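Engineer: So that you have it, the file is model06.pdb, and it contains PDB, C-alpha atoms:
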MODEL        1
ATOM      1  CA  MET A   1       4.282 125.821 204.311
ATOM      2  CA  ASP A   2       2.954 122.327 203.708
ATOM      3  CA  ILE A   3       5.098 120.374 201.263
ATOM      4  CA  THR A   4       2.041 118.544 199.898
ATOM      5  CA  VAL A   5       0.440 121.816 198.806
ATOM      6  CA  ARG A   6       3.358 122.595 196.521
ATOM      7  CA  SER A   7       3.036 119.622 194.191
ATOM      8  CA  THR A   8       1.323 121.653 191.455
ATOM      9  CA  LYS A   9       3.035 123.428 188.544
ATOM     10  CA  LEU A  10       4.838 126.544 189.781
ATOM     11  CA  TYR A  11       5.138 128.482 186.513
ATOM     12  CA  ARG A  12       2.553 129.783 184.051
ATOM     13  CA  TRP A  13       4.639 129.566 180.843
ATOM     14  CA  ASP A  14       4.876 126.557 178.559
ATOM     15  CA  SER A  15       7.549 124.175 179.863
ATOM     16  CA  SER A  16       9.769 124.464 176.769
ATOM     17  CA  VAL A  17       9.657 128.277 176.850
ATOM     18  CA  TYR A  18      10.377 128.334 180.580
ATOM     19  CA  PHE A  19      13.266 125.936 180.023
ATOM     20  CA  LEU A  20      14.781 128.280 177.406
ATOM     21  CA  PHE A  21      14.278 131.243 179.746
ATOM     22  CA  ASN A  22      16.212 129.463 182.489
ATOM     23  CA  LEU A  23      18.839 128.235 180.037
ATOM     24  CA  LEU A  24      19.472 131.859 179.057
ATOM     25  CA  GLY A  25      19.743 132.818 182.727
ATOM     26  CA  LEU A  26      22.134 129.945 183.352
ATOM     27  CA  VAL A  27      24.397 130.895 180.435
ATOM     28  CA  VAL A  28      24.598 134.545 181.517
ATOM     29  CA  THR A  29      25.222 133.808 185.207
ATOM     30  CA  VAL A  30      27.756 131.020 184.627
ATOM     31  CA  THR A  31      29.628 133.208 182.116
ATOM     32  CA  ALA A  32      29.609 136.104 184.582
ATOM     33  CA  CYS A  33      30.744 133.836 187.424
ATOM     34  CA  THR A  34      33.612 132.481 185.339
ATOM     35  CA  ALA A  35      34.705 136.012 184.440
ATOM     36  CA  ILE A  36      34.522 137.398 187.970
ATOM     37  CA  PHE A  37      36.489 134.487 189.447
ATOM     38  CA  LYS A  38      39.274 135.180 186.957
ATOM     39  CA  VAL A  39      39.715 138.780 188.120
ATOM     40  CA  ILE A  40      43.119 139.390 189.716
ATOM     41  CA  LEU A  41      42.539 140.748 193.213
ATOM     42  CA  PRO A  42      44.566 143.533 194.870
ATOM     43  CA  ASN A  43      47.257 142.390 197.303
ATOM     44  CA  GLU A  44      45.179 143.216 200.382
ATOM     45  CA  LEU A  45      42.357 140.946 199.160
ATOM     46  CA  ALA A  46      44.240 138.189 197.351
ATOM     47  CA  SER A  47      44.816 135.898 200.342
ATOM     48  CA  ALA A  48      41.078 135.465 201.074
ATOM     49  CA  GLY A  49      40.206 134.763 197.432
ATOM     50  CA  HIS A  50      37.049 135.433 195.453
ATOM     51  CA  ILE A  51      34.771 133.534 197.806
ATOM     52  CA  GLN A  52      34.987 136.365 200.356
ATOM     53  CA  PHE A  53      32.670 138.582 198.286
ATOM     54  CA  LEU A  54      28.954 138.427 199.028
ATOM     55  CA  THR A  55      28.341 139.247 195.366
ATOM     56  CA  ASN A  56      30.121 136.085 194.256
ATOM     57  CA  LEU A  57      28.426 133.893 196.857
ATOM     58  CA  SER A  58      25.022 135.268 195.847
ATOM     59  CA  LEU A  59      25.786 134.653 192.183
ATOM     60  CA  LEU A  60      26.719 131.040 192.903
ATOM     61  CA  PHE A  61      23.480 130.563 194.831
ATOM     62  CA  THR A  62      21.516 132.117 191.959
ATOM     63  CA  ILE A  63      23.088 129.623 189.569
ATOM     64  CA  PHE A  64      21.933 126.738 191.765
ATOM     65  CA  THR A  65      18.494 128.341 191.983
ATOM     66  CA  ILE A  66      18.221 128.461 188.194
ATOM     67  CA  LEU A  67      19.244 124.809 188.093
ATOM     68  CA  SER A  68      16.468 124.064 190.588
ATOM     69  CA  ASN A  69      14.031 125.896 188.281
ATOM     70  CA  ILE A  70      15.099 123.545 185.512
ATOM     71  CA  LEU A  71      14.559 120.576 187.812
ATOM     72  CA  THR A  72      10.939 121.660 188.369
ATOM     73  CA  ILE A  73      10.514 121.241 184.605
ATOM     74  CA  LEU A  74      12.419 117.988 184.128
ATOM     75  CA  VAL A  75      11.530 116.121 187.329
ATOM     76  CA  PRO A  76       8.525 117.901 188.881
ATOM     77  CA  SER A  77       7.589 116.748 192.367
ATOM     78  CA  SER A  78       6.383 118.236 195.636
ATOM     79  CA  LEU A  79       9.898 117.949 197.123
ATOM     80  CA  VAL A  80      11.604 119.623 194.148
ATOM     81  CA  ASN A  81       9.021 122.422 194.176
ATOM     82  CA  TYR A  82       9.389 122.870 197.923
ATOM     83  CA  VAL A  83      13.178 123.226 197.702
ATOM     84  CA  ASN A  84      12.858 125.487 194.658
ATOM     85  CA  ILE A  85      10.604 127.938 196.520
ATOM     86  CA  TYR A  86      13.102 128.266 199.357
ATOM     87  CA  MET A  87      16.023 128.664 196.952
ATOM     88  CA  ASN A  88      14.225 131.376 194.977
ATOM     89  CA  ALA A  89      13.326 133.214 198.177
ATOM     90  CA  ILE A  90      16.928 133.145 199.418
ATOM     91  CA  SER A  91      18.348 134.158 196.033
ATOM     92  CA  ILE A  92      16.020 137.101 195.536
ATOM     93  CA  ILE A  93      16.827 138.412 199.036
ATOM     94  CA  LEU A  94      20.585 138.050 198.493
ATOM     95  CA  GLU A  95      20.548 139.591 195.035
ATOM     96  CA  THR A  96      18.343 142.480 196.187
ATOM     97  CA  LEU A  97      20.847 143.263 198.935
ATOM     98  CA  VAL A  98      23.754 142.960 196.507
ATOM     99  CA  ALA A  99      22.145 145.218 193.887
ATOM    100  CA  LEU A 100      21.000 147.901 196.343
ATOM    101  CA  ILE A 101      24.258 148.043 198.296
ATOM    102  CA  TYR A 102      26.509 147.843 195.245
ATOM    103  CA  TRP A 103      24.773 150.325 192.944
ATOM    104  CA  SER A 104      23.982 152.899 195.630
ATOM    105  CA  LEU A 105      27.602 152.896 196.789
ATOM    106  CA  ARG A 106      28.965 152.546 193.254
ATOM    107  CA  ILE A 107      27.126 155.705 192.198
ATOM    108  CA  PHE A 108      27.367 157.861 195.314
ATOM    109  CA  PHE A 109      30.144 156.517 197.586
ATOM    110  CA  ILE A 110      32.442 154.450 195.418
ATOM    111  CA  HIS A 111      35.286 154.645 197.957
ATOM    112  CA  LEU A 112      33.190 152.450 200.298
ATOM    113  CA  ILE A 113      33.246 149.451 197.957
ATOM    114  CA  VAL A 114      36.438 149.876 195.934
ATOM    115  CA  PRO A 115      39.814 149.332 197.651
ATOM    116  CA  LYS A 116      42.255 152.262 197.516
ATOM    117  CA  GLY A 117      44.655 150.453 195.211
ATOM    118  CA  VAL A 118      42.026 149.922 192.512
ATOM    119  CA  THR A 119      41.744 152.580 189.800
ATOM    120  CA  LYS A 120      39.087 153.010 187.126
ATOM    121  CA  GLU A 121      41.372 151.222 184.688
ATOM    122  CA  ASN A 122      41.222 148.135 186.929
ATOM    123  CA  PHE A 123      37.414 147.959 187.099
ATOM    124  CA  ILE A 124      35.753 144.910 185.674
ATOM    125  CA  PRO A 125      34.242 145.461 182.186
ATOM    126  CA  VAL A 126      30.801 147.057 182.099
ATOM    127  CA  HIS A 127      29.114 143.967 180.643
ATOM    128  CA  THR A 128      30.547 141.802 183.432
ATOM    129  CA  ASP A 129      29.591 144.399 186.029
ATOM    130  CA  VAL A 130      25.974 144.375 184.829
ATOM    131  CA  ALA A 131      25.891 140.579 184.516
ATOM    132  CA  VAL A 132      27.121 140.167 188.096
ATOM    133  CA  HIS A 133      25.407 143.039 189.913
ATOM    134  CA  LEU A 134      22.184 143.656 187.964
ATOM    135  CA  PHE A 135      21.219 140.694 185.800
ATOM    136  CA  PRO A 136      20.581 138.224 188.674
ATOM    137  CA  ILE A 137      17.992 140.364 190.487
ATOM    138  CA  THR A 138      16.385 141.298 187.165
ATOM    139  CA  PHE A 139      16.114 137.643 186.135
ATOM    140  CA  LEU A 140      14.806 136.492 189.518
ATOM    141  CA  SER A 141      12.245 139.319 189.682
ATOM    142  CA  LEU A 142      10.941 138.588 186.189
ATOM    143  CA  ASP A 143      10.667 134.922 187.075
ATOM    144  CA  TYR A 144       8.882 135.628 190.349
ATOM    145  CA  TYR A 145       6.420 138.314 189.275
ATOM    146  CA  PHE A 146       5.747 137.411 185.638
ATOM    147  CA  ILE A 147       6.032 133.631 185.606
ATOM    148  CA  LYS A 148       5.531 132.064 189.052
ATOM    149  CA  TYR A 149       1.900 131.401 190.016
ATOM    150  CA  GLN A 150       2.357 131.730 193.773
ATOM    151  CA  ASN A 151       4.248 133.822 196.268
ATOM    152  CA  PHE A 152       6.817 132.196 198.565
ATOM    153  CA  ASN A 153       4.547 131.932 201.624
ATOM    154  CA  ILE A 154       7.342 130.657 203.868
ATOM    155  CA  PRO A 155       6.587 130.745 207.633
ATOM    156  CA  THR A 156       8.023 133.836 209.308
ATOM    157  CA  ILE A 157      10.010 131.796 211.823
ATOM    158  CA  ASN A 158      11.698 129.926 208.960
ATOM    159  CA  VAL A 159      12.574 133.194 207.241
ATOM    160  CA  LEU A 160      14.036 134.550 210.477
ATOM    161  CA  LEU A 161      16.113 131.404 210.976
ATOM    162  CA  ILE A 162      17.356 131.451 207.375
ATOM    163  CA  VAL A 163      18.327 135.133 207.493
ATOM    164  CA  THR A 164      20.085 134.660 210.832
ATOM    165  CA  ALA A 165      21.900 131.539 209.636
ATOM    166  CA  LEU A 166      23.086 133.140 206.376
ATOM    167  CA  THR A 167      24.227 136.332 208.100
ATOM    168  CA  SER A 168      26.108 134.354 210.755
ATOM    169  CA  ALA A 169      27.647 132.066 208.156
ATOM    170  CA  TYR A 170      28.997 135.025 206.163
ATOM    171  CA  TRP A 171      30.340 136.654 209.343
ATOM    172  CA  PHE A 172      32.253 133.525 210.371
ATOM    173  CA  LEU A 173      33.425 132.916 206.803
ATOM    174  CA  LEU A 174      35.022 136.369 206.722
ATOM    175  CA  GLU A 175      36.526 135.904 210.175
ATOM    176  CA  TYR A 176      38.099 132.668 208.919
ATOM    177  CA  LEU A 177      39.329 134.073 205.588
ATOM    178  CA  ILE A 178      40.526 137.536 206.608
ATOM    179  CA  VAL A 179      43.944 137.221 208.233
ATOM    180  CA  PRO A 180      45.766 140.494 209.069
ATOM    181  CA  PRO A 181      47.155 142.461 207.337
ATOM    182  CA  ALA A 182      44.510 141.514 204.767
ATOM    183  CA  SER A 183      41.496 143.807 204.420
ATOM    184  CA  TYR A 184      37.809 142.970 204.411
ATOM    185  CA  PRO A 185      36.323 142.593 200.914
ATOM    186  CA  TYR A 186      34.491 145.921 201.116
ATOM    187  CA  PRO A 187      36.125 149.054 202.623
ATOM    188  CA  PHE A 188      32.985 149.854 204.624
ATOM    189  CA  LEU A 189      33.616 146.655 206.605
ATOM    190  CA  ASN A 190      37.093 147.777 207.644
ATOM    191  CA  VAL A 191      35.816 149.169 210.921
ATOM    192  CA  ALA A 192      35.777 148.128 214.575
ATOM    193  CA  THR A 193      34.107 144.789 215.333
ATOM    194  CA  GLN A 194      31.129 146.418 217.080
ATOM    195  CA  GLU A 195      30.480 148.683 214.091
ATOM    196  CA  ARG A 196      30.750 145.712 211.752
ATOM    197  CA  LEU A 197      28.226 143.837 213.905
ATOM    198  CA  VAL A 198      25.800 146.733 213.509
ATOM    199  CA  ILE A 199      26.260 146.671 209.725
ATOM    200  CA  PHE A 200      25.600 142.927 209.598
ATOM    201  CA  ALA A 201      22.540 143.270 211.836
ATOM    202  CA  PHE A 202      21.167 146.064 209.658
ATOM    203  CA  VAL A 203      21.684 144.050 206.462
ATOM    204  CA  ALA A 204      20.023 140.999 208.073
ATOM    205  CA  LEU A 205      17.034 143.117 209.089
ATOM    206  CA  ALA A 206      16.840 144.542 205.581
ATOM    207  CA  GLY A 207      16.835 141.030 204.140
ATOM    208  CA  PHE A 208      13.989 140.037 206.466
ATOM    209  CA  VAL A 209      11.972 143.109 205.429
ATOM    210  CA  PHE A 210      12.688 142.527 201.725
ATOM    211  CA  TYR A 211      11.357 138.977 201.983
ATOM    212  CA  HIS A 212       8.033 140.167 203.385
ATOM    213  CA  ALA A 213       7.849 142.934 200.780
ATOM    214  CA  PHE A 214       8.406 140.445 197.938
ATOM    215  CA  ASN A 215       5.941 137.995 199.454
ATOM    216  CA  SER A 216       3.228 140.643 199.890
ATOM    217  CA  LEU A 217       3.697 142.331 196.505
ATOM    218  CA  HIS A 218       3.502 139.162 194.410
ATOM    219  CA  LYS A 219      -0.283 138.934 194.234
ATOM    220  CA  PRO A 220      -1.070 142.622 193.487
ATOM    221  CA  ILE A 221       1.745 142.962 190.924
ATOM    222  CA  ARG A 222       0.828 139.711 189.205
ATOM    223  CA  SER A 223      -2.851 140.716 189.168
ATOM    224  CA  LEU A 224      -1.953 144.109 187.715
ATOM    225  CA  ILE A 225       0.227 142.585 184.994
ATOM    226  CA  TYR A 226      -2.217 139.942 183.833
ATOM    227  CA  LYS A 227      -5.296 142.096 184.275
ATOM    228  CA  ALA A 228      -3.719 144.606 181.896
ATOM    229  CA  GLU A 229      -2.828 141.758 179.535
ATOM    230  CA  GLY A 230      -6.421 140.518 179.619
ATOM    231  CA  LYS A 231      -7.798 143.970 178.814
ATOM    232  CA  ALA A 232      -5.363 144.318 175.899
ATOM    233  CA  LYS A 233      -6.476 141.000 174.426
ATOM    234  CA  SER A 234     -10.164 141.846 174.760
ATOM    235  CA  ALA A 235      -9.739 145.294 173.190
TER
ENDMDL
END
Go through the file and emit its structure as structure tokens.

Structural biologist:
Amino acid sequence: MDITVRSTKLYRWDSSVYFLFNLLGLVVTVTACTAIFKVILPNELASAGHIQFLTNLSLLFTIFTILSNILTILVPSSLVNYVNIYMNAISIILETLVALIYWSLRIFFIHLIVPKGVTKENFIPVHTDVAVHLFPITFLSLDYYFIKYQNFNIPTINVLLIVTALTSAYWFLLEYLIVPPASYPYPFLNVATQERLVIFAFVALAGFVFYHAFNSLHKPIRSLIYKAEGKAKSA
């Protein structure tokens, strides 16, 4: 991806409307982040703190991505756009993984994500749950498919390096934070090291596949959306 090619406007909406859209996203995500970091953790998780959760790390990254969206409005440049594209790509991969893993397990195998000591009465409120585990991917997808002119178009080798680096970073972060007898943040990670390696490798592969799916689907989905809009206006 040539940085000089990305100097044009990235979004199709009016700048003031796009600013308000991102301001709304920022308010929701910052509020959700504040709420989730105030949650009192069970004893087996308390020592590692809130930063051990992939959900929380992804939410923080999404907040910085929204801020980078705002920068493309306030101080547009090829460098800002270039960084913004990478940040959006990383955020949408992370939040897709978070949403798919969380909601599939939350609905069908709740014991794999909720520690034994946590009862239904201790769950975070529904509005916070949705704001943390569903709003980010919804916001990022709307931004990407409805508003952004171009797909990510990041070189495959860069995507592979980013996915590998992020997966490795999270692995070593957990190894640093989790000190026995503390548990891993998600019960499905409380397995032998080799099994945990397989889980991490699978999630990394899924992230790599999701990137290419998002990148490939941008043009046909965007064409479908705005072709339908054009027909409606001409009717």

Engineer: Residues near Tyr18 (chain A), anyone? I mean within 12 Å using only C-alpha atoms, not counting same-chain ones fewer than 4 positions away, as a list in words.

Structural biologist: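 Near neighbours after the sequence-gap exclusion: Lys9, Leu10, Tyr11, Arg12, Trp13, Asp14, Asn22, Leu23, Leu24, Gly25, Ile66, Asn69, Ile70, Leu71, Thr72, Ile73, Leu74, Leu142, Asp143, Phe146, Ile147 and Lys148 of chain A.
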
Engineer: Would you save the residues of that selection, restricted to C-alpha atoms, as a short mmCIF file (atom, residue, chain, number, x, y, z; two decimals), keeping the file's coordinate frame?

Structural biologist:
data_model
loop_
_atom_site.label_atom_id
_atom_site.label_comp_id
_atom_site.auth_asym_id
_atom_site.auth_seq_id
_atom_site.Cartn_x
_atom_site.Cartn_y
_atom_site.Cartn_z
CA LYS A 9 3.04 123.43 188.54
CA LEU A 10 4.84 126.54 189.78
CA TYR A 11 5.14 128.48 186.51
CA ARG A 12 2.55 129.78 184.05
CA TRP A 13 4.64 129.57 180.84
CA ASP A 14 4.88 126.56 178.56
CA ASN A 22 16.21 129.46 182.49
CA LEU A 23 18.84 128.24 180.04
CA LEU A 24 19.47 131.86 179.06
CA GLY A 25 19.74 132.82 182.73
CA ILE A 66 18.22 128.46 188.19
CA ASN A 69 14.03 125.90 188.28
CA ILE A 70 15.10 123.54 185.51
CA LEU A 71 14.56 120.58 187.81
CA THR A 72 10.94 121.66 188.37
CA ILE A 73 10.51 121.24 184.60
CA LEU A 74 12.42 117.99 184.13
CA LEU A 142 10.94 138.59 186.19
CA ASP A 143 10.67 134.92 187.08
CA PHE A 146 5.75 137.41 185.64
CA ILE A 147 6.03 133.63 185.61
CA LYS A 148 5.53 132.06 189.05
#

Engineer: What does the PyMOL selection byres ((chain A and resi 101) around 12) select in this file, as a ChimeraX atom specification?

Structural biologist: /A:54-55,94-100,102-110,112-113,133-134,186,188,199,202-203,206-207

Engineer: Between CA of Leu173 (chain A) and CA of Pro187 (chain A), what is the spacing in Å?

Structural biologist: 16.9 Å

Engineer: Please, what distance in Å, to one decimal, runs between CA of Pro136 (chain A) and CA of Leu59 (chain A)?

Structural biologist: 7.2 Å

Engineer: Given all atoms listed in the file as the basis, pick out the residue of A:Thr62, A:Glu195, A:Lys227, A:Phe123 nearest to Leu140 (chain A).

Structural biologist: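 Comparing A:Thr62, A:Glu195, A:Lys227, A:Phe123 against Leu140 (chain A), the winner is A:Thr62.
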
Engineer: Please provide the set of residues having any atom within 8 Å of Ser68 (chain A), restricted to all atoms listed in the file, with same-chain residues fewer than 5 positions apart removed, written as a list of chain:residue names.

Structural biologist: A:Val80, A:Val83, A:Asn84, A:Met87

Engineer: Put a box with edges along x, y and z around all the listed atoms of region 182-186 of chain A, pad it by 5 Å on each side, then give me its centre and sizes in Å, one decimal, as JSON.

Structural biologist:
{"center_x": 39.5, "center_y": 143.7, "center_z": 202.8, "size_x": 20.0, "size_y": 14.4, "size_z": 13.9}

Engineer: How many Å separate CA of Ile154 (chain A) from CA of Leu166 (chain A)?

Structural biologist: 16.1 Å

Engineer: For Thr128 (chain A), which of A:Leu160, A:Leu20, A:Ile225, A:Ile36 is the closest residue, counting only C-alpha atoms?

Structural biologist: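 Counting only C-alpha atoms, the residue closest to Thr128 (chain A) is A:Ile36.
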
Engineer: Let me make sure I understand: among A:Gln194, A:Ser183, A:Asn215, A:Thr164, which one has the smallest atom-to-atom distance to Ser47 (chain A) if we use only C-alpha atoms?

Structural biologist: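 Checking each of A:Gln194, A:Ser183, A:Asn215, A:Thr164 against Ser47 (chain A), counting only C-alpha atoms, the winner is A:Ser183.
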